[in-house]
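Visitor: First, the structure itself, so that you have it in front of you.
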Amino acid sequence: MPRLDKDAAVEVKLDSAAAMLEASLTEEQRRGLFEHPGMCVLVIAELRSVTYTGHAKDEDKSPQVKLRMTLVEAARDDDQTRQITEVMRAMWRRRQMDNTLDEIGPGGTVVEDAVAAALAAHPTETEYEAHEQMKQRRRRSRVEQH
């Protein structure tokens with residue numbers, strides 16, 4: 001892969017494969033987005049680069065990178081929307097304080113305390129695994145009873 005100049009502005013494109021996004025939205029959210037143009041839904045997403053396009057030095061085109069959503073969760077209620085908004089605000093404040101708001105490349109987004117506070121009411125991975133194990137035990141006991 002060719003190296004970019006430090007000041008090169010990279011154009012970002014979003015891959016059209018939106019299956020992960022569609023799966024994270026409720027039916028009500030999908031209908032609302034269709035029926036009410038301009039409606040917003042907040043999401044937390046992981047973006048992965050899948051392709052890039054470079055150009056010869058004498059071309060008057062920006063390099064491009066195409067991103068795909070590989071993980072995404074949509075806020076499902078007002079409380080989750082408020083939590084995501086607060087995390088976004090905390091990240092913005094951190095970038096303002098670190099003077100990285102306009103920086104190209106990775107900037108300072110250290111907001112562990114805000115994220116921990118926002119997620120305090122959500123189940124941990126351990127709690128989720130225990131829940132799944134309990135579901136499996138219930139299924140087995142129902143099957144054994146019949």
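Labels used: A, B, ... for chains in the order of the structure tokens, numbers from 1 for residues in each chain, and numbers from 1 for ligands as shown.
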What's around Val43 in chain A at 7 Å? Count only C-alpha atoms, leave out sequence neighbours fewer than 5 positions away in its own chain, and write the answer as number ranges by chain.
Guide: A: 72-75
Visitor: As a PyMOL selection string, list the residues of chain A assigned to strand (DSSP E) by DSSP on the backbone atoms of this structure.
Guide: chain A and resi 11-14+43-53+64-74
Visitor: Provide the CA of Arg68 in chain A to CA of Glu46 in chain A distance in Å, to one decimal place.
Guide: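 Those two atoms sit 8.3 Å apart.
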Visitor: I'd like to know which of A:Gln96, A:Ser24, A:Ser16, A:Gln136 is closest to Ala45 in chain A, using only C-alpha atoms.
Guide: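 Among the listed residues, A:Ser24 lies closest to Ala45 in chain A.
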Visitor: Identify all residues of chain A in helix (DSSP H, G or I) (DSSP on the backbone) and supply them as a compact mmCIF listing (two decimals) with all heavy atoms, in the first residue's frame.
Guide:
```
# COMPACT_ATOMS: atom_id res chain seq x y z
N ALA A 19 -26.36 -4.41 5.98
CA ALA A 19 -27.11 -5.46 6.67
C ALA A 19 -26.96 -5.36 8.19
O ALA A 19 -27.93 -5.57 8.92
CB ALA A 19 -26.66 -6.84 6.19
N MET A 20 -25.77 -5.05 8.67
CA MET A 20 -25.57 -4.93 10.11
C MET A 20 -26.42 -3.80 10.68
O MET A 20 -27.02 -3.94 11.74
CB MET A 20 -24.09 -4.68 10.44
CG MET A 20 -23.16 -5.81 10.08
SD MET A 20 -23.41 -7.29 11.06
CE MET A 20 -22.87 -6.76 12.66
N LEU A 21 -26.49 -2.69 9.97
CA LEU A 21 -27.29 -1.56 10.42
C LEU A 21 -28.76 -1.92 10.43
O LEU A 21 -29.48 -1.67 11.40
CB LEU A 21 -27.05 -0.34 9.53
CG LEU A 21 -27.89 0.89 9.83
CD1 LEU A 21 -27.65 1.37 11.26
CD2 LEU A 21 -27.57 2.00 8.84
N GLU A 22 -29.23 -2.53 9.35
CA GLU A 22 -30.64 -2.91 9.27
C GLU A 22 -31.02 -3.86 10.40
O GLU A 22 -32.07 -3.72 11.02
CB GLU A 22 -30.93 -3.57 7.92
CG GLU A 22 -32.40 -3.88 7.73
CD GLU A 22 -32.71 -4.45 6.36
OE1 GLU A 22 -31.87 -4.35 5.46
OE2 GLU A 22 -33.81 -4.99 6.21
N ALA A 23 -30.14 -4.80 10.71
CA ALA A 23 -30.43 -5.77 11.77
C ALA A 23 -30.51 -5.11 13.15
O ALA A 23 -31.22 -5.59 14.02
CB ALA A 23 -29.37 -6.87 11.77
N SER A 24 -29.80 -4.00 13.35
CA SER A 24 -29.80 -3.37 14.66
C SER A 24 -31.00 -2.45 14.88
O SER A 24 -31.29 -2.07 16.00
CB SER A 24 -28.50 -2.58 14.87
OG SER A 24 -28.52 -1.39 14.13
N GLU A 27 -38.23 -2.59 13.89
CA GLU A 27 -39.17 -2.36 12.79
C GLU A 27 -39.76 -0.96 12.89
O GLU A 27 -39.92 -0.26 11.88
CB GLU A 27 -40.29 -3.42 12.82
CG GLU A 27 -41.28 -3.29 11.68
CD GLU A 27 -40.65 -3.47 10.30
OE1 GLU A 27 -39.68 -4.24 10.16
OE2 GLU A 27 -41.14 -2.83 9.35
N GLU A 28 -40.04 -0.51 14.10
CA GLU A 28 -40.59 0.83 14.32
C GLU A 28 -39.60 1.90 13.86
O GLU A 28 -39.99 2.89 13.23
CB GLU A 28 -40.91 1.02 15.80
CG GLU A 28 -41.54 2.34 16.13
CD GLU A 28 -41.85 2.48 17.62
OE1 GLU A 28 -42.09 1.45 18.28
OE2 GLU A 28 -41.84 3.62 18.09
N GLN A 29 -38.32 1.72 14.14
CA GLN A 29 -37.31 2.68 13.70
C GLN A 29 -37.21 2.72 12.18
O GLN A 29 -37.13 3.79 11.58
CB GLN A 29 -35.94 2.34 14.31
CG GLN A 29 -35.85 2.65 15.78
CD GLN A 29 -34.58 2.12 16.41
OE1 GLN A 29 -34.12 1.02 16.09
NE2 GLN A 29 -34.00 2.90 17.30
N ARG A 30 -37.22 1.54 11.55
CA ARG A 30 -37.14 1.49 10.08
C ARG A 30 -38.32 2.22 9.44
O ARG A 30 -38.15 3.00 8.52
CB ARG A 30 -37.09 0.04 9.60
CG ARG A 30 -35.76 -0.61 9.85
CD ARG A 30 -35.73 -2.00 9.25
NE ARG A 30 -35.24 -2.87 10.30
CZ ARG A 30 -35.61 -4.12 10.46
NH1 ARG A 30 -36.46 -4.69 9.64
NH2 ARG A 30 -35.11 -4.84 11.44
N ARG A 31 -39.53 1.94 9.97
CA ARG A 31 -40.72 2.60 9.43
C ARG A 31 -40.64 4.10 9.67
O ARG A 31 -40.96 4.89 8.80
CB ARG A 31 -41.98 2.03 10.07
CG ARG A 31 -42.29 0.61 9.65
CD ARG A 31 -43.61 0.14 10.23
NE ARG A 31 -44.72 0.94 9.76
CZ ARG A 31 -45.32 0.78 8.57
NH1 ARG A 31 -44.91 -0.15 7.76
NH2 ARG A 31 -46.34 1.54 8.23
N GLY A 32 -40.20 4.50 10.86
CA GLY A 32 -40.09 5.92 11.17
C GLY A 32 -39.12 6.64 10.26
O GLY A 32 -39.38 7.76 9.81
N LEU A 33 -37.98 6.01 9.98
CA LEU A 33 -37.00 6.62 9.09
C LEU A 33 -37.56 6.79 7.68
O LEU A 33 -37.25 7.75 6.98
CB LEU A 33 -35.71 5.79 9.06
CG LEU A 33 -34.88 5.85 10.35
CD1 LEU A 33 -33.87 4.72 10.40
CD2 LEU A 33 -34.19 7.20 10.48
N PHE A 34 -38.40 5.84 7.27
CA PHE A 34 -39.02 5.92 5.95
C PHE A 34 -40.12 6.97 5.93
O PHE A 34 -40.20 7.80 5.02
CB PHE A 34 -39.59 4.56 5.54
CG PHE A 34 -40.26 4.58 4.19
CD1 PHE A 34 -39.52 4.43 3.03
CD2 PHE A 34 -41.63 4.76 4.08
CE1 PHE A 34 -40.13 4.46 1.79
CE2 PHE A 34 -42.25 4.80 2.85
CZ PHE A 34 -41.50 4.64 1.69
N GLU A 35 -41.00 6.94 6.94
CA GLU A 35 -42.19 7.79 6.95
C GLU A 35 -41.91 9.23 7.36
O GLU A 35 -42.71 10.12 7.09
CB GLU A 35 -43.25 7.20 7.88
CG GLU A 35 -43.80 5.88 7.36
CD GLU A 35 -44.72 5.19 8.36
OE1 GLU A 35 -44.80 5.62 9.54
OE2 GLU A 35 -45.36 4.20 7.97
N ASP A 78 -35.23 6.55 24.64
CA ASP A 78 -34.71 7.88 24.97
C ASP A 78 -33.51 7.79 25.91
O ASP A 78 -32.57 8.58 25.80
CB ASP A 78 -35.80 8.74 25.60
CG ASP A 78 -36.86 9.15 24.59
OD1 ASP A 78 -36.60 9.07 23.37
OD2 ASP A 78 -37.96 9.55 25.03
N ASP A 79 -33.53 6.84 26.85
CA ASP A 79 -32.42 6.71 27.80
C ASP A 79 -31.13 6.34 27.06
O ASP A 79 -30.08 6.94 27.31
CB ASP A 79 -32.76 5.67 28.86
CG ASP A 79 -31.73 5.63 29.97
OD1 ASP A 79 -31.34 6.71 30.46
OD2 ASP A 79 -31.31 4.51 30.34
N GLN A 80 -31.20 5.36 26.16
CA GLN A 80 -30.01 4.98 25.40
C GLN A 80 -29.55 6.12 24.49
O GLN A 80 -28.35 6.35 24.34
CB GLN A 80 -30.27 3.72 24.57
CG GLN A 80 -30.37 2.47 25.41
CD GLN A 80 -30.58 1.22 24.57
OE1 GLN A 80 -30.90 1.29 23.39
NE2 GLN A 80 -30.42 0.07 25.20
N THR A 81 -30.49 6.86 23.92
CA THR A 81 -30.14 8.01 23.08
C THR A 81 -29.39 9.05 23.91
O THR A 81 -28.37 9.59 23.47
CB THR A 81 -31.40 8.63 22.44
OG1 THR A 81 -32.01 7.63 21.61
CG2 THR A 81 -31.06 9.85 21.62
N ARG A 82 -29.87 9.33 25.12
CA ARG A 82 -29.19 10.29 25.99
C ARG A 82 -27.79 9.80 26.34
O ARG A 82 -26.84 10.59 26.38
CB ARG A 82 -30.00 10.52 27.27
CG ARG A 82 -31.10 11.54 27.12
CD ARG A 82 -31.71 11.93 28.46
NE ARG A 82 -32.37 10.81 29.13
CZ ARG A 82 -33.60 10.40 28.87
NH1 ARG A 82 -34.33 11.01 27.96
NH2 ARG A 82 -34.12 9.38 29.52
N GLN A 83 -27.64 8.50 26.62
CA GLN A 83 -26.32 7.95 26.96
C GLN A 83 -25.33 8.10 25.80
O GLN A 83 -24.19 8.53 26.00
CB GLN A 83 -26.44 6.49 27.37
CG GLN A 83 -27.13 6.31 28.70
CD GLN A 83 -27.42 4.84 29.00
OE1 GLN A 83 -27.39 3.99 28.12
NE2 GLN A 83 -27.69 4.55 30.25
N ILE A 84 -25.76 7.75 24.61
CA ILE A 84 -24.89 7.87 23.44
C ILE A 84 -24.53 9.34 23.21
O ILE A 84 -23.37 9.67 22.94
CB ILE A 84 -25.54 7.26 22.19
CG1 ILE A 84 -25.64 5.74 22.33
CG2 ILE A 84 -24.74 7.63 20.93
CD1 ILE A 84 -26.44 5.07 21.22
N THR A 85 -25.52 10.22 23.36
CA THR A 85 -25.27 11.64 23.17
C THR A 85 -24.23 12.14 24.17
O THR A 85 -23.34 12.92 23.82
CB THR A 85 -26.58 12.44 23.28
OG1 THR A 85 -27.50 11.94 22.30
CG2 THR A 85 -26.36 13.92 23.06
N GLU A 86 -24.32 11.71 25.41
CA GLU A 86 -23.36 12.16 26.42
C GLU A 86 -21.96 11.63 26.12
O GLU A 86 -20.98 12.35 26.29
CB GLU A 86 -23.80 11.73 27.83
CG GLU A 86 -22.87 12.24 28.92
CD GLU A 86 -22.60 13.74 28.87
OE1 GLU A 86 -23.51 14.53 28.56
OE2 GLU A 86 -21.44 14.14 29.14
N VAL A 87 -21.86 10.40 25.67
CA VAL A 87 -20.54 9.87 25.28
C VAL A 87 -19.97 10.68 24.11
O VAL A 87 -18.80 11.05 24.11
CB VAL A 87 -20.62 8.36 24.93
CG1 VAL A 87 -19.32 7.88 24.32
CG2 VAL A 87 -20.95 7.55 26.18
N MET A 88 -20.82 10.99 23.13
CA MET A 88 -20.37 11.80 21.99
C MET A 88 -19.90 13.18 22.45
O MET A 88 -18.86 13.67 22.00
CB MET A 88 -21.50 11.93 20.96
CG MET A 88 -21.79 10.64 20.23
SD MET A 88 -23.31 10.69 19.23
CE MET A 88 -22.96 12.00 18.10
N ARG A 89 -20.65 13.79 23.37
CA ARG A 89 -20.26 15.10 23.88
C ARG A 89 -18.92 15.01 24.61
O ARG A 89 -18.07 15.88 24.47
CB ARG A 89 -21.32 15.64 24.84
CG ARG A 89 -22.52 16.21 24.15
CD ARG A 89 -23.41 16.94 25.17
NE ARG A 89 -24.73 17.08 24.64
CZ ARG A 89 -25.83 16.56 25.18
NH1 ARG A 89 -25.76 15.88 26.30
NH2 ARG A 89 -26.99 16.73 24.62
N ALA A 90 -18.74 13.97 25.41
CA ALA A 90 -17.48 13.79 26.15
C ALA A 90 -16.32 13.62 25.17
O ALA A 90 -15.23 14.19 25.38
CB ALA A 90 -17.58 12.58 27.07
N MET A 91 -16.52 12.85 24.11
CA MET A 91 -15.46 12.67 23.12
C MET A 91 -15.15 13.99 22.42
O MET A 91 -13.99 14.33 22.18
CB MET A 91 -15.86 11.59 22.11
CG MET A 91 -15.95 10.21 22.75
SD MET A 91 -16.65 8.96 21.66
CE MET A 91 -15.24 8.63 20.61
N TRP A 92 -16.18 14.77 22.10
CA TRP A 92 -15.99 16.07 21.47
C TRP A 92 -15.22 17.00 22.41
O TRP A 92 -14.29 17.68 21.99
CB TRP A 92 -17.35 16.66 21.10
CG TRP A 92 -17.25 18.00 20.45
CD1 TRP A 92 -17.04 18.26 19.12
CD2 TRP A 92 -17.36 19.28 21.08
NE1 TRP A 92 -17.01 19.61 18.90
CE2 TRP A 92 -17.20 20.27 20.10
CE3 TRP A 92 -17.57 19.67 22.40
CZ2 TRP A 92 -17.26 21.61 20.38
CZ3 TRP A 92 -17.63 21.03 22.68
CH2 TRP A 92 -17.47 21.97 21.67
N ARG A 93 -15.61 17.01 23.71
CA ARG A 93 -14.91 17.86 24.67
C ARG A 93 -13.44 17.46 24.77
O ARG A 93 -12.56 18.32 24.81
CB ARG A 93 -15.58 17.76 26.05
CG ARG A 93 -16.92 18.45 26.14
CD ARG A 93 -17.42 18.55 27.57
NE ARG A 93 -17.60 17.27 28.21
CZ ARG A 93 -18.75 16.59 28.27
NH1 ARG A 93 -19.83 17.07 27.68
NH2 ARG A 93 -18.82 15.43 28.90
N ARG A 94 -13.16 16.16 24.77
CA ARG A 94 -11.78 15.69 24.85
C ARG A 94 -10.99 16.16 23.63
O ARG A 94 -9.87 16.63 23.74
CB ARG A 94 -11.73 14.16 24.96
CG ARG A 94 -10.33 13.57 24.85
CD ARG A 94 -9.36 14.04 25.91
NE ARG A 94 -9.85 13.64 27.21
CZ ARG A 94 -9.38 14.14 28.35
NH1 ARG A 94 -8.44 15.04 28.36
NH2 ARG A 94 -9.88 13.74 29.49
N ARG A 95 -11.59 16.05 22.45
CA ARG A 95 -10.88 16.50 21.24
C ARG A 95 -10.67 18.01 21.26
O ARG A 95 -9.62 18.49 20.82
CB ARG A 95 -11.64 16.07 19.98
CG ARG A 95 -11.58 14.56 19.80
CD ARG A 95 -11.93 14.07 18.43
NE ARG A 95 -13.14 14.64 17.88
CZ ARG A 95 -13.29 14.97 16.59
NH1 ARG A 95 -12.32 14.78 15.74
NH2 ARG A 95 -14.42 15.46 16.17
N GLN A 96 -11.62 18.76 21.79
CA GLN A 96 -11.44 20.21 21.92
C GLN A 96 -10.27 20.50 22.85
O GLN A 96 -9.42 21.33 22.55
CB GLN A 96 -12.71 20.87 22.47
CG GLN A 96 -13.81 21.04 21.48
CD GLN A 96 -13.57 22.22 20.55
OE1 GLN A 96 -12.47 22.45 20.07
NE2 GLN A 96 -14.63 22.96 20.28
N MET A 97 -10.24 19.81 23.99
CA MET A 97 -9.18 20.05 24.98
C MET A 97 -7.82 19.61 24.47
O MET A 97 -6.80 20.22 24.81
CB MET A 97 -9.52 19.33 26.29
CG MET A 97 -10.72 19.94 27.01
SD MET A 97 -11.33 18.93 28.36
CE MET A 97 -9.96 19.00 29.50
N GLU A 112 -12.86 7.05 28.83
CA GLU A 112 -13.24 5.83 29.56
C GLU A 112 -14.24 6.10 30.67
O GLU A 112 -15.19 5.34 30.86
CB GLU A 112 -12.00 5.14 30.15
CG GLU A 112 -11.13 4.46 29.13
CD GLU A 112 -10.07 5.39 28.54
OE1 GLU A 112 -10.04 6.59 28.92
OE2 GLU A 112 -9.31 4.93 27.69
N ASP A 113 -14.07 7.19 31.42
CA ASP A 113 -14.98 7.47 32.53
C ASP A 113 -16.40 7.74 32.04
O ASP A 113 -17.37 7.24 32.61
CB ASP A 113 -14.48 8.67 33.35
CG ASP A 113 -13.20 8.37 34.10
OD1 ASP A 113 -12.89 7.16 34.30
OD2 ASP A 113 -12.50 9.31 34.49
N ALA A 114 -16.53 8.52 30.96
CA ALA A 114 -17.86 8.81 30.42
C ALA A 114 -18.51 7.55 29.88
O ALA A 114 -19.70 7.32 30.08
CB ALA A 114 -17.77 9.87 29.33
N VAL A 115 -17.73 6.72 29.21
CA VAL A 115 -18.27 5.47 28.67
C VAL A 115 -18.69 4.55 29.81
O VAL A 115 -19.79 3.98 29.78
CB VAL A 115 -17.24 4.77 27.74
CG1 VAL A 115 -17.73 3.39 27.35
CG2 VAL A 115 -16.99 5.62 26.51
N ALA A 116 -17.85 4.41 30.83
CA ALA A 116 -18.19 3.54 31.96
C ALA A 116 -19.46 4.01 32.65
O ALA A 116 -20.34 3.20 32.99
CB ALA A 116 -17.03 3.50 32.95
N ALA A 117 -19.60 5.31 32.84
CA ALA A 117 -20.80 5.84 33.48
C ALA A 117 -22.04 5.59 32.61
O ALA A 117 -23.10 5.21 33.11
CB ALA A 117 -20.64 7.35 33.75
N ALA A 118 -21.90 5.79 31.30
CA ALA A 118 -23.03 5.60 30.40
C ALA A 118 -23.45 4.14 30.33
O ALA A 118 -24.62 3.83 30.15
CB ALA A 118 -22.69 6.11 29.00
N LEU A 119 -22.50 3.23 30.48
CA LEU A 119 -22.80 1.81 30.35
C LEU A 119 -23.07 1.11 31.68
O LEU A 119 -23.34 -0.09 31.70
CB LEU A 119 -21.64 1.10 29.63
CG LEU A 119 -21.36 1.60 28.21
CD1 LEU A 119 -20.19 0.84 27.62
CD2 LEU A 119 -22.58 1.48 27.33
N GLU A 125 -20.57 -8.42 29.73
CA GLU A 125 -20.44 -9.64 28.92
C GLU A 125 -20.69 -10.87 29.79
O GLU A 125 -21.35 -11.81 29.37
CB GLU A 125 -19.05 -9.70 28.28
CG GLU A 125 -18.91 -10.79 27.25
CD GLU A 125 -19.76 -10.56 26.00
OE1 GLU A 125 -20.07 -9.42 25.65
OE2 GLU A 125 -20.13 -11.56 25.36
N THR A 126 -20.19 -10.86 31.03
CA THR A 126 -20.40 -11.98 31.96
C THR A 126 -21.88 -12.16 32.27
O THR A 126 -22.38 -13.29 32.28
CB THR A 126 -19.60 -11.74 33.26
OG1 THR A 126 -18.22 -11.55 32.91
CG2 THR A 126 -19.74 -12.89 34.23
N GLU A 127 -22.60 -11.07 32.52
CA GLU A 127 -24.04 -11.14 32.78
C GLU A 127 -24.79 -11.68 31.58
O GLU A 127 -25.72 -12.47 31.72
CB GLU A 127 -24.58 -9.77 33.20
CG GLU A 127 -24.08 -9.31 34.55
CD GLU A 127 -24.37 -7.85 34.82
OE1 GLU A 127 -24.46 -7.05 33.86
OE2 GLU A 127 -24.49 -7.49 36.01
N TYR A 128 -24.38 -11.25 30.38
CA TYR A 128 -25.03 -11.74 29.17
C TYR A 128 -24.80 -13.24 28.99
O TYR A 128 -25.73 -13.98 28.67
CB TYR A 128 -24.50 -10.97 27.95
CG TYR A 128 -25.02 -11.51 26.64
CD1 TYR A 128 -26.34 -11.29 26.26
CD2 TYR A 128 -24.22 -12.26 25.80
CE1 TYR A 128 -26.84 -11.80 25.07
CE2 TYR A 128 -24.70 -12.77 24.60
CZ TYR A 128 -26.02 -12.54 24.25
OH TYR A 128 -26.49 -13.05 23.08
N GLU A 129 -23.58 -13.69 29.21
CA GLU A 129 -23.28 -15.13 29.09
C GLU A 129 -24.09 -15.94 30.10
O GLU A 129 -24.60 -17.01 29.78
CB GLU A 129 -21.79 -15.36 29.27
CG GLU A 129 -20.97 -14.88 28.09
CD GLU A 129 -19.47 -14.87 28.34
OE1 GLU A 129 -19.02 -15.34 29.41
OE2 GLU A 129 -18.74 -14.41 27.45
N ALA A 130 -24.22 -15.44 31.33
CA ALA A 130 -25.02 -16.13 32.34
C ALA A 130 -26.48 -16.19 31.90
O ALA A 130 -27.15 -17.21 32.08
CB ALA A 130 -24.90 -15.41 33.69
N HIS A 131 -26.99 -15.12 31.31
CA HIS A 131 -28.35 -15.08 30.79
C HIS A 131 -28.54 -16.15 29.71
O HIS A 131 -29.53 -16.87 29.70
CB HIS A 131 -28.65 -13.69 30.23
CG HIS A 131 -29.90 -13.59 29.43
ND1 HIS A 131 -31.14 -13.53 30.01
CD2 HIS A 131 -30.10 -13.57 28.10
CE1 HIS A 131 -32.06 -13.47 29.06
NE2 HIS A 131 -31.45 -13.50 27.89
N GLU A 132 -27.60 -16.22 28.78
CA GLU A 132 -27.68 -17.21 27.70
C GLU A 132 -27.63 -18.64 28.24
O GLU A 132 -28.36 -19.51 27.78
CB GLU A 132 -26.55 -16.99 26.68
CG GLU A 132 -26.73 -15.74 25.84
CD GLU A 132 -27.99 -15.79 24.99
OE1 GLU A 132 -28.15 -16.73 24.20
OE2 GLU A 132 -28.83 -14.88 25.13
N GLN A 133 -26.80 -18.88 29.23
CA GLN A 133 -26.73 -20.22 29.84
C GLN A 133 -28.04 -20.57 30.52
O GLN A 133 -28.52 -21.70 30.43
CB GLN A 133 -25.57 -20.29 30.85
CG GLN A 133 -24.22 -20.27 30.18
CD GLN A 133 -23.08 -20.18 31.17
OE1 GLN A 133 -23.30 -20.09 32.38
NE2 GLN A 133 -21.86 -20.19 30.66
N MET A 134 -28.66 -19.60 31.18
CA MET A 134 -29.94 -19.82 31.84
C MET A 134 -31.01 -20.16 30.80
O MET A 134 -31.83 -21.06 31.01
CB MET A 134 -30.35 -18.58 32.65
CG MET A 134 -31.65 -18.77 33.41
SD MET A 134 -31.56 -20.05 34.67
CE MET A 134 -30.63 -19.19 35.90
N LYS A 135 -31.01 -19.46 29.67
CA LYS A 135 -31.96 -19.76 28.60
C LYS A 135 -31.78 -21.19 28.10
O LYS A 135 -32.76 -21.91 27.89
CB LYS A 135 -31.77 -18.78 27.43
CG LYS A 135 -32.50 -17.50 27.60
CD LYS A 135 -32.37 -16.49 26.48
CE LYS A 135 -31.99 -16.97 25.12
NZ LYS A 135 -31.88 -15.88 24.13
N GLN A 136 -30.54 -21.61 27.93
CA GLN A 136 -30.29 -22.97 27.46
C GLN A 136 -30.76 -24.00 28.48
O GLN A 136 -31.34 -25.02 28.12
CB GLN A 136 -28.80 -23.16 27.18
CG GLN A 136 -28.33 -22.43 25.95
CD GLN A 136 -26.83 -22.56 25.74
OE1 GLN A 136 -26.12 -23.15 26.54
NE2 GLN A 136 -26.35 -21.98 24.65
N ARG A 137 -30.54 -23.74 29.77
CA ARG A 137 -31.02 -24.66 30.82
C ARG A 137 -32.53 -24.77 30.81
O ARG A 137 -33.09 -25.85 30.96
CB ARG A 137 -30.54 -24.19 32.19
CG ARG A 137 -29.11 -24.54 32.46
CD ARG A 137 -28.75 -24.27 33.93
NE ARG A 137 -27.40 -23.76 33.96
CZ ARG A 137 -27.03 -22.57 34.40
NH1 ARG A 137 -27.91 -21.76 34.93
NH2 ARG A 137 -25.78 -22.19 34.34
N ARG A 138 -33.22 -23.61 30.63
CA ARG A 138 -34.69 -23.63 30.59
C ARG A 138 -35.18 -24.45 29.40
O ARG A 138 -36.14 -25.21 29.52
CB ARG A 138 -35.23 -22.20 30.49
CG ARG A 138 -35.20 -21.46 31.78
CD ARG A 138 -35.95 -20.13 31.67
NE ARG A 138 -35.38 -19.19 32.60
CZ ARG A 138 -34.98 -17.96 32.31
NH1 ARG A 138 -35.12 -17.50 31.09
NH2 ARG A 138 -34.46 -17.19 33.21
N ARG A 139 -34.54 -24.26 28.25
CA ARG A 139 -34.93 -25.04 27.06
C ARG A 139 -34.76 -26.53 27.30
O ARG A 139 -35.63 -27.32 26.97
CB ARG A 139 -34.10 -24.63 25.85
CG ARG A 139 -34.61 -23.40 25.17
CD ARG A 139 -33.91 -23.18 23.84
NE ARG A 139 -33.77 -21.76 23.63
CZ ARG A 139 -32.64 -21.11 23.42
NH1 ARG A 139 -31.52 -21.75 23.31
NH2 ARG A 139 -32.64 -19.82 23.28
N ARG A 140 -33.62 -26.91 27.88
CA ARG A 140 -33.35 -28.32 28.14
C ARG A 140 -34.38 -28.91 29.12
O ARG A 140 -34.86 -30.01 28.92
CB ARG A 140 -31.94 -28.51 28.71
CG ARG A 140 -30.90 -28.57 27.62
CD ARG A 140 -29.56 -29.00 28.18
NE ARG A 140 -28.60 -28.01 27.72
CZ ARG A 140 -27.84 -27.25 28.48
NH1 ARG A 140 -27.85 -27.38 29.77
NH2 ARG A 140 -27.02 -26.37 27.96
N SER A 141 -34.73 -28.13 30.15
CA SER A 141 -35.68 -28.65 31.13
C SER A 141 -37.07 -28.80 30.52
O SER A 141 -37.79 -29.74 30.83
CB SER A 141 -35.72 -27.79 32.40
OG SER A 141 -36.36 -26.57 32.15
N ARG A 142 -37.45 -27.87 29.61
CA ARG A 142 -38.75 -28.01 28.92
C ARG A 142 -38.76 -29.24 28.03
O ARG A 142 -39.75 -29.93 27.95
CB ARG A 142 -39.04 -26.76 28.10
CG ARG A 142 -39.65 -25.64 28.92
CD ARG A 142 -40.13 -24.51 28.05
NE ARG A 142 -39.40 -23.33 28.51
CZ ARG A 142 -38.83 -22.42 27.77
NH1 ARG A 142 -38.88 -22.50 26.47
NH2 ARG A 142 -38.20 -21.42 28.29
N VAL A 143 -37.67 -29.48 27.33
CA VAL A 143 -37.58 -30.64 26.44
C VAL A 143 -37.63 -31.92 27.26
O VAL A 143 -38.32 -32.88 26.89
CB VAL A 143 -36.28 -30.58 25.60
CG1 VAL A 143 -36.05 -31.89 24.87
CG2 VAL A 143 -36.35 -29.43 24.61
N GLU A 144 -36.95 -31.94 28.39
CA GLU A 144 -36.94 -33.14 29.24
C GLU A 144 -38.30 -33.40 29.86
O GLU A 144 -38.67 -34.54 30.09
CB GLU A 144 -35.88 -32.98 30.33
CG GLU A 144 -34.46 -33.02 29.79
CD GLU A 144 -33.43 -32.64 30.84
OE1 GLU A 144 -33.81 -32.33 31.99
OE2 GLU A 144 -32.23 -32.63 30.49
N GLN A 145 -39.08 -32.35 30.12
CA GLN A 145 -40.40 -32.51 30.72
C GLN A 145 -41.41 -33.09 29.72
O GLN A 145 -42.41 -33.66 30.10
CB GLN A 145 -40.92 -31.16 31.25
CG GLN A 145 -40.17 -30.69 32.48
CD GLN A 145 -40.61 -29.31 32.90
OE1 GLN A 145 -41.46 -28.70 32.26
NE2 GLN A 145 -40.03 -28.81 33.98
```
